[in-house]
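These notes concern the structure reproduced below.
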Amino acid sequence: MSIPGTLGRLSLAGMAAATATSALLAAHAAQAQGTFITVASTTSTEQSGLFKEVLPAFRAATGIEARVVALGTGQALDMGRRGDADVVFVHDKAAEEKFVAEGFGVKRFEVMYNDFVIVGPKADPAKAAGKDVSAGLKAIAAAKAPFASRADKSGTHAAELRHWKAAGIDLDRDKGPWYRETGSGMGPTLNTASGMNAYALADRGTWLNFRNRGELAILVEGDSRLFNPYGVVLVNPAKHAHVKRRAGQKFVDWVISPAGQAAIASHRINGEQLFFPNAKPWLPPVE
């Protein structure tokens with residue numbers, strides 16, 4: 001065998017090995033790029049800026065990209081029912097528990113909480129200010145002061161309706177031109193309230209991140225009934241076989257882990273913490 005022939009064959013073998021290695025690396029890169037889950041969540045988590053803080057940390061820890069679809073809680077749960085999401089991350093505990101009880105979700109886990117506030121014009125023409133949410137809403141209804149409602153079947157909208165009912169206000173009977181239904185997310189609804197100089201119920205996180213406040217300010221806060229818990233649920237793969245069970249469960253596990261809880265706690269605006277982690281320790285299932 002001649003030396004040149006041997007070198008040629010070695011060269012070809014080396015090239016083939018390099019090509020195979022490159023192909024393998026490319027395949028791994030493509031696979032990594034394709035590793036993503038769809039998280040159906042709320043406009044409050046999106047518009048408060050929380051996901052900009054949390055999702056990069058999740059991807060760095062797991063290599064999984066979480067793509068968020070921000071909707072009202074009712075619409076997010078409907079996405080899960082249809083199998084259009086792998087995970088739901090929302091804030092209407094009763095609706096979440098029903099979602100699991102009906103077999104659409106595997107298990108609900110507590111993640112974090114913040115609270116609702118009633119914002120309105122600083123002059124407060126309805127005299128709604130204070131710590132009692134029922135008293136504040138009664139004052140707004142009595143004055144027929146402009147009020148902007150999301151009216152979008154979101155967790156915030158569900159909470160608003162509960163508070164009107166607790167205040168003894170029958171919206172079907174009592175609402176009129178003063179009650180403006182936007183059918184939109186928290187940010188657009190706050191924009192409407194700002195433009196109308198109206199009252200609105202908002203989650204504190206979105207309010208803190210909202211810049212177009214105009215004459216609006218927080219008027220009612222501190223009532224324990226304004227507590228706002230968030231939960232995370234893996235969509236049940238037994239209902240929808242295409243649900244990314246392992247990757248979705250990794251998101252659930254991470255967001256309630258010490259690392260995920262620390263990422264949530266670290267999200268602040270002007271030094272003020274927006275969400276407070278409250279996951280309970282648990283052991284993930286053994287595979």
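Quick note on naming: the chains in the structure tokens go A, B, ... in the order shown, residues restart at 1 in each chain, and ligands are numbered from 1 in order of appearance.
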
Practice item. Go through stretch 26-127 of chain A and collect every residue that DSSP, computed from the backbone, puts in strand (DSSP E); the answer should be as an MDAnalysis selection string. Key: chainID A and resid 36:42 65:71 87:90 105:121

Polymer residues at most 6 Å from A:Val39, only C-alpha atoms, same-chain spacing of 4 or more positions, as a compact mmCIF listing (two decimals) with C-alpha atoms, in the first residue's frame:
```txt
# COMPACT_ATOMS: atom_id res chain seq x y z
CA ARG A 67 -44.20 29.59 24.85
CA VAL A 68 -46.94 31.52 26.62
CA ALA A 85 -51.77 23.70 25.68
CA VAL A 87 -49.78 23.44 30.95
CA VAL A 88 -52.21 25.99 32.36
```

Check your understanding: Any idea what's packed within 12 Å of stretch 273-276 of chain A, counting only C-alpha atoms, ignoring anything in its chain fewer than 5 positions away? Could you give it as a PyMOL selection string?
Key -> chain A and resi 44-45+47-51+53-54+110-116+203-209+227-230+256+260-268

Output for the residues just chosen: C-alpha atoms as a PDB file, in the first residue's frame:
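Writing done, so here's result.pdb:
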```pdb
ATOM      1  CA  SER A  44     -51.833  39.442  34.432  1.00  0.00           C
ATOM      2  CA  THR A  45     -48.760  37.192  34.470  1.00  0.00           C
ATOM      3  CA  GLN A  47     -48.497  42.138  31.409  1.00  0.00           C
ATOM      4  CA  SER A  48     -46.906  42.324  34.852  1.00  0.00           C
ATOM      5  CA  GLY A  49     -43.598  41.282  33.271  1.00  0.00           C
ATOM      6  CA  LEU A  50     -43.304  38.126  35.385  1.00  0.00           C
ATOM      7  CA  PHE A  51     -42.590  35.772  32.498  1.00  0.00           C
ATOM      8  CA  GLU A  53     -38.098  37.174  34.648  1.00  0.00           C
ATOM      9  CA  VAL A  54     -39.059  33.521  35.030  1.00  0.00           C
ATOM     10  CA  GLU A 110     -50.214  26.339  44.391  1.00  0.00           C
ATOM     11  CA  VAL A 111     -47.554  28.593  42.878  1.00  0.00           C
ATOM     12  CA  MET A 112     -47.879  32.143  44.173  1.00  0.00           C
ATOM     13  CA  TYR A 113     -50.290  34.887  45.097  1.00  0.00           C
ATOM     14  CA  ASN A 114     -50.765  38.607  44.930  1.00  0.00           C
ATOM     15  CA  ASP A 115     -53.881  40.678  45.517  1.00  0.00           C
ATOM     16  CA  PHE A 116     -56.519  42.700  43.756  1.00  0.00           C
ATOM     17  CA  ASP A 203     -54.445  42.715  39.958  1.00  0.00           C
ATOM     18  CA  ARG A 204     -51.663  44.566  41.722  1.00  0.00           C
ATOM     19  CA  GLY A 205     -48.925  43.163  39.477  1.00  0.00           C
ATOM     20  CA  THR A 206     -50.400  44.557  36.264  1.00  0.00           C
ATOM     21  CA  TRP A 207     -51.202  47.852  37.982  1.00  0.00           C
ATOM     22  CA  LEU A 208     -47.597  48.272  39.141  1.00  0.00           C
ATOM     23  CA  ASN A 209     -46.377  47.656  35.584  1.00  0.00           C
ATOM     24  CA  PHE A 227     -56.367  37.697  48.034  1.00  0.00           C
ATOM     25  CA  ASN A 228     -55.496  36.336  44.561  1.00  0.00           C
ATOM     26  CA  PRO A 229     -53.906  32.845  44.357  1.00  0.00           C
ATOM     27  CA  TYR A 230     -52.355  31.318  41.221  1.00  0.00           C
ATOM     28  CA  ILE A 256     -42.815  25.132  42.358  1.00  0.00           C
ATOM     29  CA  GLY A 260     -38.637  28.652  40.456  1.00  0.00           C
ATOM     30  CA  GLN A 261     -40.044  30.156  43.628  1.00  0.00           C
ATOM     31  CA  ALA A 262     -36.932  32.316  44.020  1.00  0.00           C
ATOM     32  CA  ALA A 263     -37.291  33.553  40.428  1.00  0.00           C
ATOM     33  CA  ILE A 264     -40.907  34.547  41.132  1.00  0.00           C
ATOM     34  CA  ALA A 265     -39.961  36.335  44.356  1.00  0.00           C
ATOM     35  CA  SER A 266     -37.160  38.251  42.638  1.00  0.00           C
ATOM     36  CA  HIS A 267     -39.504  39.980  40.166  1.00  0.00           C
ATOM     37  CA  ARG A 268     -39.919  43.566  41.298  1.00  0.00           C
TER      38      ARG A 268
END
```

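Straight-line separation from atom CA of A:Ala135 to atom CA of A:Glu160: 13.7 Å.
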
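Counting from atom CA of A:His240, the distance to atom CA of A:Met79 is 11.7 Å.
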
Give me the residues of stretch 185-244 of chain A that have any atom at most 10 Å from an atom of stretch 167-180 of chain A; for each, the nearest atom pair and the distance in Å, rounded to one decimal. Use only C-alpha atoms, sort by chain and number, and format it as a Markdown table.
```
| residue | atom | partner | partner_atom | distance |
| --- | --- | --- | --- | --- |
| A:Thr189 | CA | A:Arg180 | CA | 9.5 |
| A:Thr192 | CA | A:Arg180 | CA | 8.9 |
| A:Ala193 | CA | A:Arg180 | CA | 9.0 |
| A:Met196 | CA | A:Arg180 | CA | 9.7 |
| A:Ala198 | CA | A:Trp178 | CA | 9.0 |
| A:Tyr199 | CA | A:Tyr179 | CA | 9.5 |
| A:Ala200 | CA | A:Arg180 | CA | 9.8 |
```

Kindly save the residues from that selection, with C-alpha atoms included, as a tab-separated table (two decimals), in the first residue's frame.
```
chain	number	residue	atom	x	y	z
A	189	THR	CA	-59.11	47.65	30.52
A	192	THR	CA	-60.09	52.35	29.17
A	193	ALA	CA	-60.39	53.25	32.85
A	196	MET	CA	-62.73	57.49	31.14
A	198	ALA	CA	-63.21	55.37	35.77
A	199	TYR	CA	-62.91	52.81	38.56
A	200	ALA	CA	-61.70	49.26	37.90
```

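Residue neighbourhood of A:Asp92, excluding near-sequence residues (fewer than 2 positions): Ala94, Ala95 and Gly155 of chain A, at 6 Å, using only C-alpha atoms.
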
**Study point:** Minimum-distance residue to A:Ile218, chosen among A:Gly271, A:Lys98, A:Ile118, A:Val255 (using only C-alpha atoms)
**Key:**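 Looking at the shortest contact to A:Ile218, the residue is A:Ile118.
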
Review point. What is the atom CA of A:Gly214-atom CA of A:Ala148 distance in Å, reported with one decimal?
Key: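 Distance reported for this atom pair: 14.7 Å.
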
Review point. Could you write out, as a PyMOL selection string, all the residues of stretch 18-244 of chain A that DSSP marks as helix (DSSP H, G or I)?
Key: chain A and resi 18-34+43-47+50-62+73-82+93-101+133-143+155-166+171-174+186-196+204-209+224-226

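Across A:Gly231, A:Gly248, A:Pro258, A:Pro188, the tightest approach to A:Arg108 is made by A:Gly231 when counting only C-alpha atoms.
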
Review point. Which is closer to A:Lys93 than all the others in A:Thr35, A:Thr43, A:Ser154, A:Ser134, using only C-alpha atoms?
Key: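 Looking at the shortest contact to A:Lys93, the residue is A:Ser154.
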
Practice item. Name the closest residue to A:Lys144 among the candidates A:Ala158, A:Leu234, A:Val220, A:Ala128; distances are taken between atoms, counting only C-alpha atoms. Key: A:Ala128
